[in-house]
file structure25.cif (mmCIF, N, CA and C atoms)
data_data
#
loop_
_atom_site.group_PDB
_atom_site.id
_atom_site.type_symbol
_atom_site.label_atom_id
_atom_site.label_comp_id
_atom_site.auth_asym_id
_atom_site.auth_seq_id
_atom_site.Cartn_x
_atom_site.Cartn_y
_atom_site.Cartn_z
ATOM 1 N N MET A 1 -6.378 -13.897 26.430
ATOM 2 C CA MET A 1 -5.718 -13.605 25.178
ATOM 3 C C MET A 1 -4.625 -12.571 25.454
ATOM 4 N N LYS A 2 -3.458 -12.804 24.879
ATOM 5 C CA LYS A 2 -2.354 -11.876 25.073
ATOM 6 C C LYS A 2 -2.660 -10.539 24.410
ATOM 7 N N ARG A 3 -2.020 -9.511 24.927
ATOM 8 C CA ARG A 3 -2.244 -8.166 24.388
ATOM 9 C C ARG A 3 -1.789 -8.074 22.934
ATOM 10 N N ALA A 4 -0.670 -8.713 22.596
ATOM 11 C CA ALA A 4 -0.159 -8.665 21.221
ATOM 12 C C ALA A 4 -1.108 -9.378 20.264
ATOM 13 N N THR A 5 -1.685 -10.491 20.703
ATOM 14 C CA THR A 5 -2.628 -11.225 19.860
ATOM 15 C C THR A 5 -3.888 -10.401 19.632
ATOM 16 N N LEU A 6 -4.379 -9.785 20.686
ATOM 17 C CA LEU A 6 -5.559 -8.933 20.565
ATOM 18 C C LEU A 6 -5.289 -7.760 19.624
ATOM 19 N N LEU A 7 -4.123 -7.156 19.760
ATOM 20 C CA LEU A 7 -3.761 -6.040 18.889
ATOM 21 C C LEU A 7 -3.665 -6.491 17.431
ATOM 22 N N ALA A 8 -3.122 -7.675 17.198
ATOM 23 C CA ALA A 8 -3.027 -8.198 15.831
ATOM 24 C C ALA A 8 -4.414 -8.431 15.240
ATOM 25 N N TRP A 9 -5.317 -9.001 16.013
ATOM 26 C CA TRP A 9 -6.683 -9.234 15.526
ATOM 27 C C TRP A 9 -7.402 -7.916 15.243
ATOM 28 N N LEU A 10 -7.273 -6.960 16.143
ATOM 29 C CA LEU A 10 -7.930 -5.666 15.938
ATOM 30 C C LEU A 10 -7.361 -4.934 14.725
ATOM 31 N N THR A 11 -6.063 -5.030 14.525
ATOM 32 C CA THR A 11 -5.450 -4.412 13.345
ATOM 33 C C THR A 11 -5.952 -5.076 12.073
ATOM 34 N N GLY A 12 -6.035 -6.398 12.075
ATOM 35 C CA GLY A 12 -6.556 -7.113 10.912
ATOM 36 C C GLY A 12 -7.996 -6.735 10.605
ATOM 37 N N LEU A 13 -8.821 -6.641 11.631
ATOM 38 C CA LEU A 13 -10.213 -6.242 11.424
ATOM 39 C C LEU A 13 -10.309 -4.810 10.904
ATOM 40 N N ALA A 14 -9.448 -3.929 11.391
ATOM 41 C CA ALA A 14 -9.454 -2.547 10.906
ATOM 42 C C ALA A 14 -9.058 -2.481 9.434
ATOM 43 N N VAL A 15 -8.078 -3.276 9.034
ATOM 44 C CA VAL A 15 -7.655 -3.298 7.628
ATOM 45 C C VAL A 15 -8.776 -3.820 6.744
ATOM 46 N N ILE A 16 -9.433 -4.883 7.179
ATOM 47 C CA ILE A 16 -10.552 -5.433 6.405
ATOM 48 C C ILE A 16 -11.680 -4.408 6.309
ATOM 49 N N ALA A 17 -11.979 -3.736 7.419
ATOM 50 C CA ALA A 17 -13.037 -2.719 7.396
ATOM 51 C C ALA A 17 -12.682 -1.571 6.459
ATOM 52 N N LEU A 18 -11.418 -1.153 6.457
ATOM 53 C CA LEU A 18 -11.002 -0.075 5.560
ATOM 54 C C LEU A 18 -11.074 -0.488 4.095
ATOM 55 N N ALA A 19 -10.959 -1.765 3.814
ATOM 56 C CA ALA A 19 -11.047 -2.236 2.433
ATOM 57 C C ALA A 19 -12.492 -2.445 1.998
ATOM 58 N N VAL A 20 -13.347 -2.906 2.896
ATOM 59 C CA VAL A 20 -14.709 -3.291 2.526
ATOM 60 C C VAL A 20 -15.696 -2.126 2.632
ATOM 61 N N LEU A 21 -15.584 -1.302 3.659
ATOM 62 C CA LEU A 21 -16.564 -0.231 3.865
ATOM 63 C C LEU A 21 -16.680 0.737 2.688
ATOM 64 N N PRO A 22 -15.589 1.195 2.083
ATOM 65 C CA PRO A 22 -15.763 2.091 0.926
ATOM 66 C C PRO A 22 -16.503 1.426 -0.230
ATOM 67 N N LEU A 23 -16.329 0.137 -0.402
ATOM 68 C CA LEU A 23 -17.033 -0.565 -1.475
ATOM 69 C C LEU A 23 -18.526 -0.666 -1.189
ATOM 70 N N MET A 24 -18.888 -0.760 0.082
ATOM 71 C CA MET A 24 -20.296 -0.896 0.447
ATOM 72 C C MET A 24 -21.009 0.460 0.491
ATOM 73 N N LEU A 25 -20.303 1.519 0.840
ATOM 74 C CA LEU A 25 -20.944 2.812 1.053
ATOM 75 C C LEU A 25 -21.078 3.655 -0.210
ATOM 76 N N VAL A 26 -20.307 3.371 -1.250
ATOM 77 C CA VAL A 26 -20.339 4.173 -2.471
ATOM 78 C C VAL A 26 -21.215 3.480 -3.501
ATOM 79 N N ASP A 27 -22.209 4.225 -4.033
ATOM 80 C CA ASP A 27 -23.115 3.645 -5.020
ATOM 81 C C ASP A 27 -22.630 3.849 -6.450
ATOM 82 N N GLY A 28 -21.762 4.814 -6.694
ATOM 83 C CA GLY A 28 -21.316 5.137 -8.047
ATOM 84 C C GLY A 28 -20.235 4.196 -8.546
ATOM 85 N N ASP A 29 -19.842 4.442 -9.788
ATOM 86 C CA ASP A 29 -18.778 3.659 -10.391
ATOM 87 C C ASP A 29 -17.431 4.223 -9.963
ATOM 88 N N PHE A 30 -16.459 3.322 -9.856
ATOM 89 C CA PHE A 30 -15.103 3.754 -9.567
ATOM 90 C C PHE A 30 -14.412 4.054 -10.884
ATOM 91 N N GLY A 31 -13.768 5.191 -10.961
ATOM 92 C CA GLY A 31 -13.043 5.571 -12.167
ATOM 93 C C GLY A 31 -11.661 6.058 -11.806
ATOM 94 N N GLY A 32 -10.824 6.150 -12.804
ATOM 95 C CA GLY A 32 -9.475 6.624 -12.574
ATOM 96 C C GLY A 32 -9.440 8.111 -12.279
ATOM 97 N N SER A 33 -8.531 8.509 -11.449
ATOM 98 C CA SER A 33 -8.435 9.925 -11.087
ATOM 99 C C SER A 33 -7.853 10.762 -12.220
ATOM 100 N N ASP A 34 -7.057 10.152 -13.100
ATOM 101 C CA ASP A 34 -6.481 10.916 -14.210
ATOM 102 C C ASP A 34 -7.570 11.457 -15.122
ATOM 103 N N GLY A 35 -8.536 10.617 -15.458
ATOM 104 C CA GLY A 35 -9.628 11.052 -16.330
ATOM 105 C C GLY A 35 -10.484 12.117 -15.687
ATOM 106 N N VAL A 36 -10.764 11.972 -14.401
ATOM 107 C CA VAL A 36 -11.578 12.953 -13.685
ATOM 108 C C VAL A 36 -10.838 14.286 -13.606
ATOM 109 N N ALA A 37 -9.546 14.245 -13.340
ATOM 110 C CA ALA A 37 -8.767 15.480 -13.249
ATOM 111 C C ALA A 37 -8.724 16.197 -14.592
ATOM 112 N N THR A 38 -8.533 15.446 -15.669
ATOM 113 C CA THR A 38 -8.502 16.053 -17.000
ATOM 114 C C THR A 38 -9.836 16.702 -17.339
ATOM 115 N N GLU A 39 -10.933 16.013 -17.045
ATOM 116 C CA GLU A 39 -12.261 16.581 -17.307
ATOM 117 C C GLU A 39 -12.489 17.847 -16.486
ATOM 118 N N ARG A 40 -12.058 17.825 -15.243
ATOM 119 C CA ARG A 40 -12.257 18.984 -14.360
ATOM 120 C C ARG A 40 -11.448 20.192 -14.838
ATOM 121 N N ILE A 41 -10.209 19.940 -15.254
ATOM 122 C CA ILE A 41 -9.375 21.038 -15.766
ATOM 123 C C ILE A 41 -9.975 21.600 -17.041
ATOM 124 N N ASP A 42 -10.442 20.722 -17.938
ATOM 125 C CA ASP A 42 -11.072 21.190 -19.179
ATOM 126 C C ASP A 42 -12.323 22.016 -18.897
ATOM 127 N N ALA A 43 -13.092 21.622 -17.881
ATOM 128 C CA ALA A 43 -14.321 22.350 -17.556
ATOM 129 C C ALA A 43 -14.014 23.701 -16.901
ATOM 130 N N ASP A 44 -13.048 23.729 -15.983
ATOM 131 C CA ASP A 44 -12.742 24.960 -15.255
ATOM 132 C C ASP A 44 -11.891 25.940 -16.062
ATOM 133 N N HIS A 45 -10.977 25.421 -16.864
ATOM 134 C CA HIS A 45 -10.042 26.262 -17.628
ATOM 135 C C HIS A 45 -9.968 25.743 -19.061
ATOM 136 N N PRO A 46 -10.918 26.117 -19.917
ATOM 137 C CA PRO A 46 -10.957 25.561 -21.279
ATOM 138 C C PRO A 46 -9.752 25.943 -22.138
ATOM 139 N N ASN A 47 -9.052 27.024 -21.841
ATOM 140 C CA ASN A 47 -7.904 27.453 -22.645
ATOM 141 C C ASN A 47 -6.566 26.963 -22.092
ATOM 142 N N TYR A 48 -6.597 26.056 -21.139
ATOM 143 C CA TYR A 48 -5.367 25.581 -20.504
ATOM 144 C C TYR A 48 -4.512 24.801 -21.498
ATOM 145 N N GLN A 49 -3.223 25.117 -21.521
ATOM 146 C CA GLN A 49 -2.257 24.392 -22.342
ATOM 147 C C GLN A 49 -1.197 23.807 -21.407
ATOM 148 N N PRO A 50 -0.966 22.502 -21.453
ATOM 149 C CA PRO A 50 0.072 21.913 -20.592
ATOM 150 C C PRO A 50 1.436 22.531 -20.897
ATOM 151 N N TRP A 51 2.231 22.768 -19.883
ATOM 152 C CA TRP A 51 3.538 23.389 -20.061
ATOM 153 C C TRP A 51 4.660 22.364 -20.095
ATOM 154 N N ALA A 52 4.351 21.089 -19.884
ATOM 155 C CA ALA A 52 5.361 20.030 -19.943
ATOM 156 C C ALA A 52 4.741 18.803 -20.591
ATOM 157 N N ALA A 53 5.584 18.013 -21.204
ATOM 158 C CA ALA A 53 5.134 16.769 -21.834
ATOM 159 C C ALA A 53 5.900 15.607 -21.209
ATOM 160 N N PRO A 54 5.296 14.418 -21.183
ATOM 161 C CA PRO A 54 6.012 13.275 -20.609
ATOM 162 C C PRO A 54 7.266 12.952 -21.426
ATOM 163 N N LEU A 55 8.330 12.554 -20.729
ATOM 164 C CA LEU A 55 9.559 12.159 -21.413
ATOM 165 C C LEU A 55 9.411 10.797 -22.080
ATOM 166 N N PHE A 56 8.630 9.931 -21.447
ATOM 167 C CA PHE A 56 8.453 8.566 -21.938
ATOM 168 C C PHE A 56 6.985 8.211 -21.781
ATOM 169 N N ASP A 57 6.314 7.909 -22.871
ATOM 170 C CA ASP A 57 4.892 7.572 -22.837
ATOM 171 C C ASP A 57 4.725 6.132 -23.320
ATOM 172 N N PRO A 58 4.832 5.157 -22.396
ATOM 173 C CA PRO A 58 4.775 3.754 -22.811
ATOM 174 C C PRO A 58 3.355 3.337 -23.180
ATOM 175 N N PRO A 59 3.227 2.251 -23.959
ATOM 176 C CA PRO A 59 1.895 1.706 -24.231
ATOM 177 C C PRO A 59 1.234 1.234 -22.930
ATOM 178 N N ALA A 60 -0.063 1.017 -22.976
ATOM 179 C CA ALA A 60 -0.816 0.643 -21.770
ATOM 180 C C ALA A 60 -0.290 -0.649 -21.152
ATOM 181 N N GLU A 61 0.070 -1.637 -21.982
ATOM 182 C CA GLU A 61 0.558 -2.915 -21.458
ATOM 183 C C GLU A 61 1.878 -2.732 -20.709
ATOM 184 N N VAL A 62 2.768 -1.933 -21.277
ATOM 185 C CA VAL A 62 4.061 -1.692 -20.632
ATOM 186 C C VAL A 62 3.856 -0.892 -19.349
ATOM 187 N N SER A 63 2.967 0.073 -19.387
ATOM 188 C CA SER A 63 2.683 0.882 -18.209
ATOM 189 C C SER A 63 2.154 0.015 -17.067
ATOM 190 N N THR A 64 1.272 -0.915 -17.396
ATOM 191 C CA THR A 64 0.737 -1.824 -16.380
ATOM 192 C C THR A 64 1.844 -2.696 -15.805
ATOM 193 N N GLY A 65 2.716 -3.193 -16.665
ATOM 194 C CA GLY A 65 3.834 -4.013 -16.199
ATOM 195 C C GLY A 65 4.784 -3.239 -15.308
ATOM 196 N N LEU A 66 5.073 -1.990 -15.672
ATOM 197 C CA LEU A 66 5.946 -1.160 -14.841
ATOM 198 C C LEU A 66 5.314 -0.881 -13.479
ATOM 199 N N PHE A 67 4.009 -0.644 -13.475
ATOM 200 C CA PHE A 67 3.317 -0.412 -12.205
ATOM 201 C C PHE A 67 3.368 -1.663 -11.326
ATOM 202 N N ALA A 68 3.151 -2.838 -11.928
ATOM 203 C CA ALA A 68 3.209 -4.089 -11.167
ATOM 204 C C ALA A 68 4.619 -4.328 -10.629
ATOM 205 N N MET A 69 5.632 -4.026 -11.438
ATOM 206 C CA MET A 69 7.011 -4.201 -10.990
ATOM 207 C C MET A 69 7.322 -3.247 -9.834
ATOM 208 N N GLN A 70 6.837 -2.021 -9.921
ATOM 209 C CA GLN A 70 7.041 -1.056 -8.846
ATOM 210 C C GLN A 70 6.386 -1.549 -7.551
ATOM 211 N N ALA A 71 5.179 -2.080 -7.661
ATOM 212 C CA ALA A 71 4.486 -2.595 -6.473
ATOM 213 C C ALA A 71 5.226 -3.793 -5.889
ATOM 214 N N ALA A 72 5.723 -4.687 -6.747
ATOM 215 C CA ALA A 72 6.444 -5.865 -6.266
ATOM 216 C C ALA A 72 7.745 -5.468 -5.575
ATOM 217 N N LEU A 73 8.477 -4.529 -6.159
ATOM 218 C CA LEU A 73 9.721 -4.075 -5.528
ATOM 219 C C LEU A 73 9.444 -3.396 -4.191
ATOM 220 N N GLY A 74 8.410 -2.584 -4.135
ATOM 221 C CA GLY A 74 8.059 -1.930 -2.878
ATOM 222 C C GLY A 74 7.672 -2.933 -1.804
ATOM 223 N N ALA A 75 6.887 -3.933 -2.182
ATOM 224 C CA ALA A 75 6.497 -4.969 -1.220
ATOM 225 C C ALA A 75 7.713 -5.770 -0.775
ATOM 226 N N GLY A 76 8.626 -6.038 -1.698
ATOM 227 C CA GLY A 76 9.845 -6.770 -1.343
ATOM 228 C C GLY A 76 10.706 -6.000 -0.359
ATOM 229 N N PHE A 77 10.908 -4.710 -0.618
ATOM 230 C CA PHE A 77 11.693 -3.893 0.305
ATOM 231 C C PHE A 77 11.016 -3.785 1.665
ATOM 232 N N LEU A 78 9.708 -3.608 1.667
ATOM 233 C CA LEU A 78 8.980 -3.509 2.930
ATOM 234 C C LEU A 78 9.076 -4.818 3.712
ATOM 235 N N GLY A 79 8.885 -5.944 3.034
ATOM 236 C CA GLY A 79 9.002 -7.241 3.697
ATOM 237 C C GLY A 79 10.401 -7.485 4.231
ATOM 238 N N TYR A 80 11.415 -7.110 3.452
ATOM 239 C CA TYR A 80 12.799 -7.263 3.902
ATOM 240 C C TYR A 80 13.044 -6.428 5.152
ATOM 241 N N TYR A 81 12.586 -5.181 5.146
ATOM 242 C CA TYR A 81 12.785 -4.307 6.299
ATOM 243 C C TYR A 81 12.095 -4.870 7.544
ATOM 244 N N VAL A 82 10.864 -5.334 7.388
ATOM 245 C CA VAL A 82 10.144 -5.894 8.540
ATOM 246 C C VAL A 82 10.877 -7.124 9.067
ATOM 247 N N GLY A 83 11.378 -7.967 8.163
ATOM 248 C CA GLY A 83 12.127 -9.148 8.593
ATOM 249 C C GLY A 83 13.402 -8.789 9.328
ATOM 250 N N VAL A 84 14.142 -7.817 8.815
ATOM 251 C CA VAL A 84 15.382 -7.393 9.471
ATOM 252 C C VAL A 84 15.082 -6.769 10.829
ATOM 253 N N ALA A 85 14.071 -5.921 10.895
ATOM 254 C CA ALA A 85 13.728 -5.274 12.163
ATOM 255 C C ALA A 85 13.284 -6.303 13.199
ATOM 256 N N THR A 86 12.514 -7.285 12.767
ATOM 257 C CA THR A 86 12.061 -8.328 13.690
ATOM 258 C C THR A 86 13.234 -9.148 14.193
ATOM 259 N N THR A 87 14.142 -9.511 13.291
ATOM 260 C CA THR A 87 15.304 -10.302 13.686
ATOM 261 C C THR A 87 16.199 -9.521 14.638
ATOM 262 N N LYS A 88 16.417 -8.242 14.369
ATOM 263 C CA LYS A 88 17.237 -7.423 15.270
ATOM 264 C C LYS A 88 16.626 -7.354 16.664
ATOM 265 N N ARG A 89 15.316 -7.202 16.710
ATOM 266 C CA ARG A 89 14.649 -7.112 18.013
ATOM 267 C C ARG A 89 14.770 -8.426 18.773
ATOM 268 N N ARG A 90 14.633 -9.545 18.069
ATOM 269 C CA ARG A 90 14.760 -10.848 18.738
ATOM 270 C C ARG A 90 16.178 -11.069 19.239
ATOM 271 N N LEU A 91 17.173 -10.706 18.429
ATOM 272 C CA LEU A 91 18.562 -10.913 18.829
ATOM 273 C C LEU A 91 18.980 -9.968 19.947
ATOM 274 N N ALA A 92 18.411 -8.792 20.016
ATOM 275 C CA ALA A 92 18.758 -7.834 21.062
ATOM 276 C C ALA A 92 18.268 -8.293 22.428
ATOM 277 N N GLY A 93 17.253 -9.134 22.456
ATOM 278 C CA GLY A 93 16.707 -9.612 23.715
ATOM 279 C C GLY A 93 17.591 -10.636 24.396
ATOM 280 N N GLY A 94 18.581 -11.172 23.709
ATOM 281 C CA GLY A 94 19.462 -12.182 24.284
ATOM 282 C C GLY A 94 18.868 -13.567 24.146
ATOM 283 N N PRO A 95 19.622 -14.558 24.566
ATOM 284 C CA PRO A 95 19.132 -15.937 24.444
ATOM 285 C C PRO A 95 17.985 -16.211 25.412
ATOM 286 N N ASP A 96 17.180 -17.187 25.055
ATOM 287 C CA ASP A 96 16.084 -17.589 25.935
ATOM 288 C C ASP A 96 16.662 -18.234 27.187
ATOM 289 N N PRO A 97 16.064 -17.974 28.335
ATOM 290 C CA PRO A 97 16.569 -18.603 29.561
ATOM 291 C C PRO A 97 16.342 -20.110 29.520
ATOM 292 N N ALA A 98 17.268 -20.820 30.127
ATOM 293 C CA ALA A 98 17.161 -22.285 30.167
ATOM 294 C C ALA A 98 16.030 -22.668 31.113
ATOM 295 N N PRO A 99 15.304 -23.740 30.786
ATOM 296 C CA PRO A 99 14.224 -24.173 31.688
ATOM 297 C C PRO A 99 14.798 -24.704 32.999
ATOM 298 N N ASP A 100 14.055 -24.486 34.060
ATOM 299 C CA ASP A 100 14.481 -24.967 35.377
ATOM 300 C C ASP A 100 14.315 -26.472 35.446
ATOM 301 N N GLU A 101 15.375 -27.129 35.935
ATOM 302 C CA GLU A 101 15.292 -28.580 36.109
ATOM 303 C C GLU A 101 15.191 -28.865 37.598
ATOM 304 N N ASP A 102 14.254 -29.683 37.952
ATOM 305 C CA ASP A 102 14.063 -30.018 39.376
ATOM 306 C C ASP A 102 14.685 -31.316 39.716
#

call {"tool": "encode", "arguments": {"input": "structure25.cif", "output": "structure tokens"}}
result
Amino acid sequence: MKRATLLAWLTGLAVIALAVLPLMLVDGDFGGSDGVATERIDADHPNYQPWAAPLFDPPAEVSTGLFAMQAALGAGFLGYYVGVATTKRRLAGGPDPAPDED
């Protein structure tokens, strides 16, 4: 097996392990960090008053859509960059050598 193929398989297995192991090892419920942070601040500092307010507070549906759009744009830019970098590397190597004819 080529070194690059082995590295690709090991990277894939590591990604799968990083996704699955936290789900298997944690017995509690998963919750949002915003709610936990708010509860913690209220418990530690009951007289706390926020010093800033959001400029734009969209409804939950719009917020979800904006988050999905942000993720899609980020994935698109990342995919474009990987494609450009791969193409540049292939073109920098020069043309493939012609096969030997006997």

call {"tool": "select_by_dssp", "arguments": {"input": "structure25.cif", "residues": "range 46-89 of chain A", "states": "alpha helix (DSSP H)", "output": "PyMOL selection string"}}
result
chain A and resi 60-89

call {"tool": "atom_distance", "arguments": {"input": "structure25.cif", "atom1": "CA of Asp27 in chain A", "atom2": "CA of Thr11 in chain A"}}
result
26.7 Å

call {"tool": "atom_distance", "arguments": {"input": "structure25.cif", "atom1": "CA of Pro59 in chain A", "atom2": "CA of Phe77 in chain A"}}
result
27.0 Å
